[in-house]
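Here is input01.cif, consisting of mmCIF, C-alpha atoms:
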```
data_target
#
loop_
_atom_site.group_PDB
_atom_site.id
_atom_site.type_symbol
_atom_site.label_atom_id
_atom_site.label_comp_id
_atom_site.auth_asym_id
_atom_site.auth_seq_id
_atom_site.Cartn_x
_atom_site.Cartn_y
_atom_site.Cartn_z
ATOM 1 C CA PRO A 1 24.602 -27.922 5.205
ATOM 2 C CA GLY A 2 22.909 -24.618 5.957
ATOM 3 C CA PRO A 3 21.441 -22.353 3.282
ATOM 4 C CA SER A 4 24.768 -20.517 2.783
ATOM 5 C CA ALA A 5 26.936 -23.655 2.532
ATOM 6 C CA HIS A 6 26.599 -24.965 -1.032
ATOM 7 C CA ARG A 7 28.786 -27.787 -2.374
ATOM 8 C CA SER A 8 31.372 -27.599 -5.138
ATOM 9 C CA SER A 9 31.644 -30.129 -7.978
ATOM 10 C CA ALA A 10 34.138 -31.995 -5.794
ATOM 11 C CA GLY A 11 31.566 -32.269 -3.065
ATOM 12 C CA HIS A 12 33.248 -29.846 -0.669
ATOM 13 C CA PRO A 13 31.276 -27.136 1.122
ATOM 14 C CA VAL A 14 31.662 -23.681 -0.395
ATOM 15 C CA ASP A 15 31.023 -20.419 1.424
ATOM 16 C CA SER A 16 28.574 -18.716 -0.935
ATOM 17 C CA SER A 17 29.468 -15.284 0.471
ATOM 18 C CA ARG A 18 32.821 -15.537 -1.351
ATOM 19 C CA SER A 19 31.050 -15.539 -4.704
ATOM 20 C CA MET A 20 28.954 -12.501 -3.842
ATOM 21 C CA HIS A 21 29.620 -8.955 -4.910
ATOM 22 C CA PRO A 22 31.707 -7.286 -2.113
ATOM 23 C CA THR A 23 28.951 -4.765 -1.332
ATOM 24 C CA LEU A 24 26.354 -7.513 -1.027
ATOM 25 C CA THR A 25 28.666 -9.510 1.221
ATOM 26 C CA ILE A 26 29.033 -6.535 3.557
ATOM 27 C CA LEU A 27 25.263 -6.054 3.669
ATOM 28 C CA VAL A 28 24.726 -9.716 4.515
ATOM 29 C CA HIS A 29 27.150 -9.549 7.426
ATOM 30 C CA VAL A 30 25.678 -6.286 8.688
ATOM 31 C CA ALA A 31 22.191 -7.779 8.572
ATOM 32 C CA ALA A 32 23.365 -10.852 10.461
ATOM 33 C CA ALA A 33 25.002 -8.733 13.146
ATOM 34 C CA ALA A 34 21.880 -6.632 13.485
ATOM 35 C CA ALA A 35 19.740 -9.730 13.842
ATOM 36 C CA LEU A 36 21.979 -10.992 16.621
ATOM 37 C CA SER A 37 22.045 -7.674 18.434
ATOM 38 C CA LEU A 38 18.264 -7.298 18.244
ATOM 39 C CA GLY A 39 17.506 -10.934 18.903
ATOM 40 C CA GLY A 40 16.572 -10.333 22.516
ATOM 41 C CA ILE A 41 14.614 -7.159 21.846
ATOM 42 C CA VAL A 42 12.232 -7.244 18.951
ATOM 43 C CA GLY A 43 9.853 -9.878 17.640
ATOM 44 C CA GLN A 44 11.541 -13.019 18.942
ATOM 45 C CA SER A 45 8.544 -14.394 20.836
ATOM 46 C CA PRO A 46 5.395 -13.779 18.766
ATOM 47 C CA ALA A 47 3.751 -17.009 19.940
ATOM 48 C CA LEU A 48 4.281 -16.099 23.596
ATOM 49 C CA GLU A 49 3.080 -12.551 22.915
ATOM 50 C CA THR A 50 -0.127 -13.860 21.320
ATOM 51 C CA ARG A 51 -0.748 -16.250 24.214
ATOM 52 C CA LEU A 52 -0.213 -13.550 26.848
ATOM 53 C CA LEU A 53 -2.476 -11.048 25.075
ATOM 54 C CA ALA A 54 -5.235 -13.659 24.879
ATOM 55 C CA LEU A 55 -4.914 -14.527 28.578
ATOM 56 C CA ALA A 56 -4.667 -10.878 29.602
ATOM 57 C CA ALA A 57 -8.049 -10.228 28.014
ATOM 58 C CA GLY A 58 -9.613 -12.842 30.314
ATOM 59 C CA SER A 59 -9.878 -13.355 34.059
ATOM 60 C CA ASN A 60 -7.395 -16.173 34.758
ATOM 61 C CA LEU A 61 -4.833 -14.277 36.839
ATOM 62 C CA PRO A 62 -2.498 -17.199 37.625
ATOM 63 C CA ALA A 63 -2.251 -18.136 33.932
ATOM 64 C CA THR A 64 -1.760 -14.489 32.926
ATOM 65 C CA VAL A 65 1.056 -13.993 35.436
ATOM 66 C CA SER A 66 2.678 -17.263 34.339
ATOM 67 C CA ALA A 67 2.578 -16.213 30.665
ATOM 68 C CA PHE A 68 3.904 -12.779 31.640
ATOM 69 C CA ARG A 69 6.936 -14.357 33.309
ATOM 70 C CA ALA A 70 7.515 -16.705 30.385
ATOM 71 C CA LEU A 71 7.671 -13.773 27.969
ATOM 72 C CA GLU A 72 9.998 -11.842 30.278
ATOM 73 C CA GLU A 73 12.377 -14.807 30.398
ATOM 74 C CA ALA A 74 12.229 -15.377 26.639
ATOM 75 C CA ALA A 75 13.874 -12.088 25.644
ATOM 76 C CA ALA A 76 15.130 -9.323 27.904
ATOM 77 C CA PRO A 77 15.438 -5.718 26.669
ATOM 78 C CA PRO A 78 18.876 -4.052 26.442
ATOM 79 C CA ALA A 79 20.408 -3.612 29.885
ATOM 80 C CA ASP A 80 20.875 0.128 29.237
ATOM 81 C CA LEU A 81 17.558 0.637 27.398
ATOM 82 C CA LEU A 82 16.760 4.104 28.740
ATOM 83 C CA ARG A 83 20.161 5.462 27.754
ATOM 84 C CA SER A 84 20.956 3.543 24.565
ATOM 85 C CA SER A 85 17.578 3.289 22.811
ATOM 86 C CA PRO A 86 14.774 5.038 24.733
ATOM 87 C CA GLU A 87 13.013 5.831 21.438
ATOM 88 C CA ARG A 88 11.747 2.233 21.421
ATOM 89 C CA LEU A 89 9.403 3.218 24.256
ATOM 90 C CA ASP A 90 8.066 6.311 22.496
ATOM 91 C CA GLY A 91 4.427 6.428 21.474
ATOM 92 C CA ARG A 92 0.966 5.478 22.681
ATOM 93 C CA TRP A 93 0.279 2.056 24.173
ATOM 94 C CA SER A 94 -2.983 0.340 25.074
ATOM 95 C CA LEU A 95 -2.885 -1.034 28.627
ATOM 96 C CA VAL A 96 -4.254 -4.524 27.985
ATOM 97 C CA ALA A 97 -3.905 -5.689 31.592
ATOM 98 C CA THR A 98 -2.414 -4.779 34.929
ATOM 99 C CA VAL A 99 -2.259 -6.940 38.046
ATOM 100 C CA ALA A 100 -1.540 -5.402 41.448
ATOM 101 C CA ALA A 101 -0.295 -7.170 44.565
ATOM 102 C CA THR A 102 -1.888 -6.624 47.970
ATOM 103 C CA VAL A 103 0.055 -4.326 50.300
ATOM 104 C CA GLY A 104 2.582 -6.361 52.285
ATOM 105 C CA GLU A 105 2.654 -9.259 49.807
ATOM 106 C CA ASP A 106 4.625 -9.887 46.669
ATOM 107 C CA LEU A 107 2.745 -10.628 43.464
ATOM 108 C CA ALA A 108 3.154 -14.410 43.680
ATOM 109 C CA GLU A 109 1.736 -14.449 47.213
ATOM 110 C CA SER A 110 -1.206 -12.270 46.210
ATOM 111 C CA VAL A 111 -2.016 -14.423 43.180
ATOM 112 C CA ASP A 112 -1.761 -17.654 45.202
ATOM 113 C CA SER A 113 -3.934 -16.251 47.992
ATOM 114 C CA GLY A 114 -6.481 -14.811 45.569
ATOM 115 C CA THR A 115 -6.007 -11.250 46.825
ATOM 116 C CA ALA A 116 -4.289 -9.856 43.708
ATOM 117 C CA ARG A 117 -6.321 -7.196 41.917
ATOM 118 C CA ALA A 118 -6.648 -6.908 38.173
ATOM 119 C CA SER A 119 -7.004 -3.643 36.247
ATOM 120 C CA VAL A 120 -5.925 -1.378 39.107
ATOM 121 C CA VAL A 121 -3.610 1.544 38.343
ATOM 122 C CA ASN A 122 -1.923 3.221 41.333
ATOM 123 C CA THR A 123 -0.134 6.468 40.523
ATOM 124 C CA SER A 124 1.424 8.046 43.589
ATOM 125 C CA GLY A 125 -1.568 7.251 45.764
ATOM 126 C CA VAL A 126 -4.281 8.081 43.214
ATOM 127 C CA VAL A 127 -5.857 4.666 42.560
ATOM 128 C CA VAL A 128 -7.889 4.106 39.394
ATOM 129 C CA ASP A 129 -10.019 1.040 38.644
ATOM 130 C CA ALA A 130 -9.593 0.441 34.925
ATOM 131 C CA SER A 131 -11.608 -2.771 34.717
ATOM 132 C CA GLU A 132 -14.545 -1.336 32.785
ATOM 133 C CA GLY A 133 -15.021 0.571 29.569
ATOM 134 C CA THR A 134 -12.353 1.510 27.074
ATOM 135 C CA LEU A 135 -8.874 0.095 27.657
ATOM 136 C CA PRO A 136 -6.549 2.611 29.310
ATOM 137 C CA VAL A 137 -3.801 4.190 27.229
ATOM 138 C CA GLN A 138 -0.253 4.939 28.323
ATOM 139 C CA GLU A 139 1.682 7.569 26.398
ATOM 140 C CA VAL A 140 5.464 7.885 26.550
ATOM 141 C CA ASP A 141 6.991 11.108 25.230
ATOM 142 C CA VAL A 142 10.727 10.407 25.258
ATOM 143 C CA LYS A 143 11.729 13.826 23.914
ATOM 144 C CA ARG A 144 9.945 15.656 26.733
ATOM 145 C CA ARG A 145 10.562 12.850 29.257
ATOM 146 C CA ARG A 146 6.882 12.642 30.159
ATOM 147 C CA ILE A 147 4.602 9.662 30.737
ATOM 148 C CA GLY A 148 0.834 9.571 31.201
ATOM 149 C CA ASN A 149 -1.975 7.090 31.837
ATOM 150 C CA GLU A 150 -5.458 7.692 30.387
ATOM 151 C CA VAL A 151 -8.630 5.902 31.476
ATOM 152 C CA VAL A 152 -12.366 6.371 30.916
ATOM 153 C CA LEU A 153 -14.373 6.438 34.150
ATOM 154 C CA ALA A 154 -18.108 6.483 34.892
ATOM 155 C CA THR A 155 -19.251 9.261 37.225
ATOM 156 C CA PRO A 156 -22.701 10.393 38.440
ATOM 157 C CA LEU A 157 -22.477 13.140 35.817
ATOM 158 C CA GLY A 158 -21.526 10.807 32.983
ATOM 159 C CA ARG A 159 -18.409 9.192 31.574
ATOM 160 C CA VAL A 160 -15.194 11.196 31.600
ATOM 161 C CA LEU A 161 -11.599 10.649 30.536
ATOM 162 C CA VAL A 162 -8.987 10.968 33.294
ATOM 163 C CA ARG A 163 -5.258 11.364 32.667
ATOM 164 C CA VAL A 164 -2.485 11.267 35.245
ATOM 165 C CA ALA A 165 0.959 12.238 34.013
ATOM 166 C CA GLY A 166 4.426 13.106 35.214
ATOM 167 C CA ALA A 167 8.118 13.368 34.451
ATOM 168 C CA PHE A 168 10.439 10.387 34.171
ATOM 169 C CA GLU A 169 14.175 9.839 33.981
ATOM 170 C CA PRO A 170 16.541 6.861 34.031
ATOM 171 C CA ALA A 171 16.953 5.549 37.557
ATOM 172 C CA ALA A 172 20.334 6.202 39.123
ATOM 173 C CA PRO A 173 22.788 3.293 39.432
ATOM 174 C CA PRO A 174 22.862 0.676 40.800
ATOM 175 C CA ALA A 175 19.253 0.397 39.587
ATOM 176 C CA PRO A 176 18.932 -1.412 36.233
ATOM 177 C CA GLY A 177 19.108 0.651 33.058
ATOM 178 C CA THR A 178 15.582 -0.467 32.145
ATOM 179 C CA ARG A 179 14.076 1.346 35.147
ATOM 180 C CA ALA A 180 12.639 4.860 35.027
ATOM 181 C CA THR A 181 11.811 6.881 38.112
ATOM 182 C CA VAL A 182 8.503 8.700 37.755
ATOM 183 C CA SER A 183 7.194 11.779 39.529
ATOM 184 C CA PHE A 184 3.488 12.230 38.805
ATOM 185 C CA ASP A 185 2.477 15.871 38.902
ATOM 186 C CA SER A 186 -0.629 16.231 36.731
ATOM 187 C CA LEU A 187 -4.249 15.052 36.971
ATOM 188 C CA GLU A 188 -6.636 16.132 34.222
ATOM 189 C CA VAL A 189 -10.280 15.363 33.468
ATOM 190 C CA PHE A 190 -11.646 15.566 29.918
ATOM 191 C CA THR A 191 -14.916 14.878 28.184
ATOM 192 C CA GLU A 192 -15.028 11.218 27.142
ATOM 193 C CA GLY A 193 -14.090 11.998 23.558
ATOM 194 C CA GLY A 194 -11.205 14.231 24.620
ATOM 195 C CA GLY A 195 -12.648 17.313 22.987
ATOM 196 C CA LYS A 196 -12.629 19.490 26.097
ATOM 197 C CA ARG A 197 -10.612 19.630 29.317
ATOM 198 C CA LEU A 198 -12.872 19.958 32.335
ATOM 199 C CA LEU A 199 -10.378 20.024 35.203
ATOM 200 C CA SER A 200 -6.658 20.239 35.901
ATOM 201 C CA ALA A 201 -5.692 19.298 39.459
ATOM 202 C CA GLY A 202 -2.015 18.554 39.868
ATOM 203 C CA TRP A 203 -2.309 19.651 43.510
ATOM 204 C CA VAL A 204 -3.881 16.251 44.251
ATOM 205 C CA PHE A 205 -0.441 14.620 44.182
ATOM 206 C CA ALA A 206 1.088 17.218 46.460
ATOM 207 C CA LEU A 207 -1.801 16.704 48.888
ATOM 208 C CA ALA A 208 -1.453 12.905 48.761
ATOM 209 C CA ARG A 209 2.252 13.133 49.590
ATOM 210 C CA ALA A 210 1.638 15.620 52.391
ATOM 211 C CA VAL A 211 -1.080 13.505 54.015
ATOM 212 C CA ASN A 212 0.725 10.175 53.660
ATOM 213 C CA PRO A 213 4.183 10.142 52.045
ATOM 214 C CA ALA A 214 4.190 6.323 52.069
ATOM 215 C CA LEU A 215 1.513 6.386 49.378
ATOM 216 C CA ALA A 216 3.965 7.827 46.908
ATOM 217 C CA ASN A 217 7.305 6.560 48.043
ATOM 218 C CA GLY A 218 7.097 2.791 47.684
ATOM 219 C CA ALA A 219 9.902 0.607 48.963
ATOM 220 C CA ASP A 220 12.719 2.636 47.404
ATOM 221 C CA ASP A 221 11.461 6.095 48.329
ATOM 222 C CA ALA A 222 10.472 6.762 44.707
ATOM 223 C CA SER A 223 7.899 5.657 42.132
ATOM 224 C CA TRP A 224 9.428 3.701 39.277
ATOM 225 C CA LEU A 225 8.490 1.679 36.222
ATOM 226 C CA GLU A 226 10.772 -0.994 34.786
ATOM 227 C CA THR A 227 10.510 -2.347 31.239
ATOM 228 C CA THR A 228 11.053 -6.113 31.318
ATOM 229 C CA TYR A 229 10.188 -7.034 27.710
ATOM 230 C CA LEU A 230 9.968 -4.937 24.568
ATOM 231 C CA SER A 231 9.100 -5.662 20.955
ATOM 232 C CA ASP A 232 7.639 -3.517 18.188
ATOM 233 C CA LYS A 233 4.137 -4.424 19.363
ATOM 234 C CA VAL A 234 4.242 -5.501 23.018
ATOM 235 C CA ARG A 235 5.774 -4.033 26.158
ATOM 236 C CA LEU A 236 5.843 -5.532 29.645
ATOM 237 C CA GLY A 237 6.600 -3.603 32.794
ATOM 238 C CA ARG A 238 6.810 -3.824 36.578
ATOM 239 C CA GLY A 239 6.138 -1.042 39.073
ATOM 240 C CA ASN A 240 7.585 -0.257 42.474
ATOM 241 C CA LYS A 241 4.337 -1.237 44.201
ATOM 242 C CA GLY A 242 4.437 -4.787 42.845
ATOM 243 C CA SER A 243 2.134 -4.303 39.855
ATOM 244 C CA ILE A 244 2.775 -5.803 36.434
ATOM 245 C CA PHE A 245 1.665 -4.224 33.149
ATOM 246 C CA VAL A 246 0.908 -5.646 29.699
ATOM 247 C CA LEU A 247 0.783 -3.047 26.925
ATOM 248 C CA ARG A 248 0.207 -3.239 23.184
ATOM 249 C CA ARG A 249 1.333 -0.451 20.849
ATOM 250 C CA LEU A 250 -1.435 1.528 19.157
ATOM 251 C CA ASP A 251 -0.504 1.243 15.486
ATOM 252 C CA ASP A 252 -2.173 4.510 14.556
ATOM 253 C CA GLY A 253 -0.885 6.373 17.617
ATOM 254 C CA GLY A 254 -4.488 7.316 18.253
ATOM 255 C CA GLY A 255 -6.746 7.648 21.232
ATOM 256 C CA ALA A 256 -8.906 10.462 22.485
ATOM 257 C CA LEU A 257 -6.023 12.490 23.961
ATOM 258 C CA ALA A 258 -3.489 12.051 21.174
ATOM 259 C CA ALA A 259 -3.794 15.746 20.367
ATOM 260 C CA TRP A 260 -3.298 16.898 23.982
ATOM 261 C CA PRO A 261 0.404 17.146 24.982
ATOM 262 C CA LEU A 262 1.395 15.547 28.261
#
```
So that I can check it, write out the structure of this file as structure tokens.
Amino acid sequence: PGPSAHRSSAGHPVDSSRSMHPTLTILVHVAAAAALSLGGIVGQSPALETRLLALAAGSNLPATVSAFRALEEAAAPPADLLRSSPERLDGRWSLVATVAATVGEDLAESVDSGTARASVVNTSGVVVDASEGTLPVQEVDVKRRRIGNEVVLATPLGRVLVRVAGAFEPAAPPAPGTRATVSFDSLEVFTEGGGKRLLSAGWVFALARAVNPALANGADDASWLETTYLSDKVRLGRGNKGSIFVLRRLDDGGGALAAWPL
């Protein structure tokens, strides 16, 4: 018998909840229902999370992509995530790894052919190589419906912190409720420690779209980001250009630009 099925003196199973105080019984059932409803969302695959994070820190792309898919299949987020519980996305996340497909190929083809690129972030045509230095940070501000990516880059004048940001909203049906459409509109450059903003150049995105609209539009005429796995600590995502993303929540909500609103 399970832990709640004790036996009477006659040897018959007894439902222990019947002997509980009524309030306690209600709490037990509520907790059980909550566990079932959250079973596919939070903390159900810690072993797979640990394995993926370890692989993502290395250079084995096929193994990383395989572990990424395994975690996606283990527990899907709520189908209407962006409308029912968007607050689960809120906060600052460290971008542990991103893998981008080659133009004209899907991710599997790029990985098999060896042309997939790791640590490349493409935001509406502005491509950033995030393979060196401090791990990039992605901030999601659900209240203001803003999202931003931060990365430290080396330049001839020294290391700087670059942030690209934009507005997001739930994608219109029939797109899945885990997909957000994103319109990047801001590019900022800060000192490496985030103490001073050196440049604000949102016009870059307007110029990129004017010169080559295909850079920004992707297959569905819009940039989007879809959450495919979500726990308290780990988030997985896919982008409209074929990239996959592995993010880990920053427990302290820190980072150099934490004090700069998106």
Residues at most 10 Å from stretch 166-173 of chain A, counting all atoms listed in the file, excluding those fewer than 4 positions away in the same chain, as an mmCIF file with C-alpha atoms, in the frame of the given file?
```
data_model
loop_
_atom_site.group_PDB
_atom_site.id
_atom_site.type_symbol
_atom_site.label_atom_id
_atom_site.label_comp_id
_atom_site.auth_asym_id
_atom_site.auth_seq_id
_atom_site.Cartn_x
_atom_site.Cartn_y
_atom_site.Cartn_z
ATOM 1 C CA ASP A 80 20.875 0.128 29.237
ATOM 2 C CA LEU A 81 17.558 0.637 27.398
ATOM 3 C CA LEU A 82 16.760 4.104 28.740
ATOM 4 C CA ARG A 83 20.161 5.462 27.754
ATOM 5 C CA PRO A 86 14.774 5.038 24.733
ATOM 6 C CA THR A 123 -0.134 6.468 40.523
ATOM 7 C CA VAL A 140 5.464 7.885 26.550
ATOM 8 C CA ASP A 141 6.991 11.108 25.230
ATOM 9 C CA VAL A 142 10.727 10.407 25.258
ATOM 10 C CA ARG A 144 9.945 15.656 26.733
ATOM 11 C CA ARG A 145 10.562 12.850 29.257
ATOM 12 C CA ARG A 146 6.882 12.642 30.159
ATOM 13 C CA ILE A 147 4.602 9.662 30.737
ATOM 14 C CA GLY A 148 0.834 9.571 31.201
ATOM 15 C CA ASN A 149 -1.975 7.090 31.837
ATOM 16 C CA GLY A 177 19.108 0.651 33.058
ATOM 17 C CA THR A 178 15.582 -0.467 32.145
ATOM 18 C CA ARG A 179 14.076 1.346 35.147
ATOM 19 C CA ALA A 180 12.639 4.860 35.027
ATOM 20 C CA THR A 181 11.811 6.881 38.112
ATOM 21 C CA VAL A 182 8.503 8.700 37.755
ATOM 22 C CA SER A 183 7.194 11.779 39.529
ATOM 23 C CA PHE A 184 3.488 12.230 38.805
ATOM 24 C CA ASP A 185 2.477 15.871 38.902
ATOM 25 C CA SER A 186 -0.629 16.231 36.731
ATOM 26 C CA LEU A 187 -4.249 15.052 36.971
ATOM 27 C CA GLY A 202 -2.015 18.554 39.868
ATOM 28 C CA ALA A 222 10.472 6.762 44.707
ATOM 29 C CA SER A 223 7.899 5.657 42.132
ATOM 30 C CA TRP A 224 9.428 3.701 39.277
ATOM 31 C CA LEU A 225 8.490 1.679 36.222
ATOM 32 C CA GLU A 226 10.772 -0.994 34.786
ATOM 33 C CA LEU A 262 1.395 15.547 28.261
#
```
Can you translate the PyMOL selection byres ((chain A and resi 65) around 10) into the concrete residues it hits in this file, as a short mmCIF file (atom, residue, chain, number, x, y, z; two decimals) with C-alpha atoms, in the coordinates of the input?
```cif
data_model
loop_
_atom_site.label_atom_id
_atom_site.label_comp_id
_atom_site.auth_asym_id
_atom_site.auth_seq_id
_atom_site.Cartn_x
_atom_site.Cartn_y
_atom_site.Cartn_z
CA LEU A 52 -0.21 -13.55 26.85
CA LEU A 55 -4.91 -14.53 28.58
CA ALA A 56 -4.67 -10.88 29.60
CA ASN A 60 -7.40 -16.17 34.76
CA LEU A 61 -4.83 -14.28 36.84
CA PRO A 62 -2.50 -17.20 37.62
CA ALA A 63 -2.25 -18.14 33.93
CA THR A 64 -1.76 -14.49 32.93
CA SER A 66 2.68 -17.26 34.34
CA ALA A 67 2.58 -16.21 30.66
CA PHE A 68 3.90 -12.78 31.64
CA ARG A 69 6.94 -14.36 33.31
CA ALA A 70 7.52 -16.70 30.38
CA LEU A 71 7.67 -13.77 27.97
CA THR A 98 -2.41 -4.78 34.93
CA VAL A 99 -2.26 -6.94 38.05
CA LEU A 107 2.74 -10.63 43.46
CA ALA A 108 3.15 -14.41 43.68
CA VAL A 111 -2.02 -14.42 43.18
CA ILE A 244 2.78 -5.80 36.43
#
```
Considering only C-alpha atoms, can you say which of A:Leu135, A:Ala256, A:Leu48, A:Ala175 comes closest to A:Phe190?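 Answer, going by the shortest atom-to-atom distance: A:Ala256.
Atom CA of A:Pro77 lies 19.6 Å from atom CA of A:Gly242.
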Translate the PyMOL selection byres ((chain A and resi 91) around 10), as applied to the file shown, into an explicit residue set as a VMD selection string. chain A and resid 87 to 90 92 to 93 138 to 142 147 249 to 254 258
As an exercise, work out the distance from atom CA of A:Val189 to atom CA of A:Val160 in Å and give it to one decimal place.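 Taking atom CA of A:Val189 as the start and atom CA of A:Val160 as the end point, the length is 6.7 Å.
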Please compute the atom CA of A:Ser84-atom CA of A:Pro176 distance, one decimal, in Å.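 Atom CA of A:Pro176 lies 12.8 Å from atom CA of A:Ser84.
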Give as a PyMOL selection string every residue, naming chains and numbers as the document does, that has an atom within 9 Å of (-9.3, 9.6, 22.2), counting only C-alpha atoms. chain A and resi 161+192-195+254-259
Nearest to A:Ala57 among A:Thr191, A:Arg248, A:Gly158, A:Ala201, with distances taken over all atoms listed in the file: which residue is it? A:Arg248
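Among the candidates A:Asp232, A:Glu150, A:Glu49, A:Glu73, the residue lying nearest to A:Ala165 is A:Glu150 (atoms considered: only C-alpha atoms).
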Expansion of the PyMOL selection byres ((chain A and resi 235) around 9) into residues, as a PDB file with C-alpha atoms, keeping the file's coordinate frame:
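result.pdb, freshly written:
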```
ATOM      1  CA  LEU A  89       9.403   3.218  24.256  1.00  0.00           C
ATOM      2  CA  TRP A  93       0.279   2.056  24.173  1.00  0.00           C
ATOM      3  CA  THR A 227      10.510  -2.347  31.239  1.00  0.00           C
ATOM      4  CA  THR A 228      11.053  -6.113  31.318  1.00  0.00           C
ATOM      5  CA  TYR A 229      10.188  -7.034  27.710  1.00  0.00           C
ATOM      6  CA  LEU A 230       9.968  -4.937  24.568  1.00  0.00           C
ATOM      7  CA  SER A 231       9.100  -5.662  20.955  1.00  0.00           C
ATOM      8  CA  ASP A 232       7.639  -3.517  18.188  1.00  0.00           C
ATOM      9  CA  LYS A 233       4.137  -4.424  19.363  1.00  0.00           C
ATOM     10  CA  VAL A 234       4.242  -5.501  23.018  1.00  0.00           C
ATOM     11  CA  LEU A 236       5.843  -5.532  29.645  1.00  0.00           C
ATOM     12  CA  GLY A 237       6.600  -3.603  32.794  1.00  0.00           C
ATOM     13  CA  PHE A 245       1.665  -4.224  33.149  1.00  0.00           C
ATOM     14  CA  VAL A 246       0.908  -5.646  29.699  1.00  0.00           C
ATOM     15  CA  LEU A 247       0.783  -3.047  26.925  1.00  0.00           C
ATOM     16  CA  ARG A 248       0.207  -3.239  23.184  1.00  0.00           C
ATOM     17  CA  ARG A 249       1.333  -0.451  20.849  1.00  0.00           C
TER      18      ARG A 249
END
```
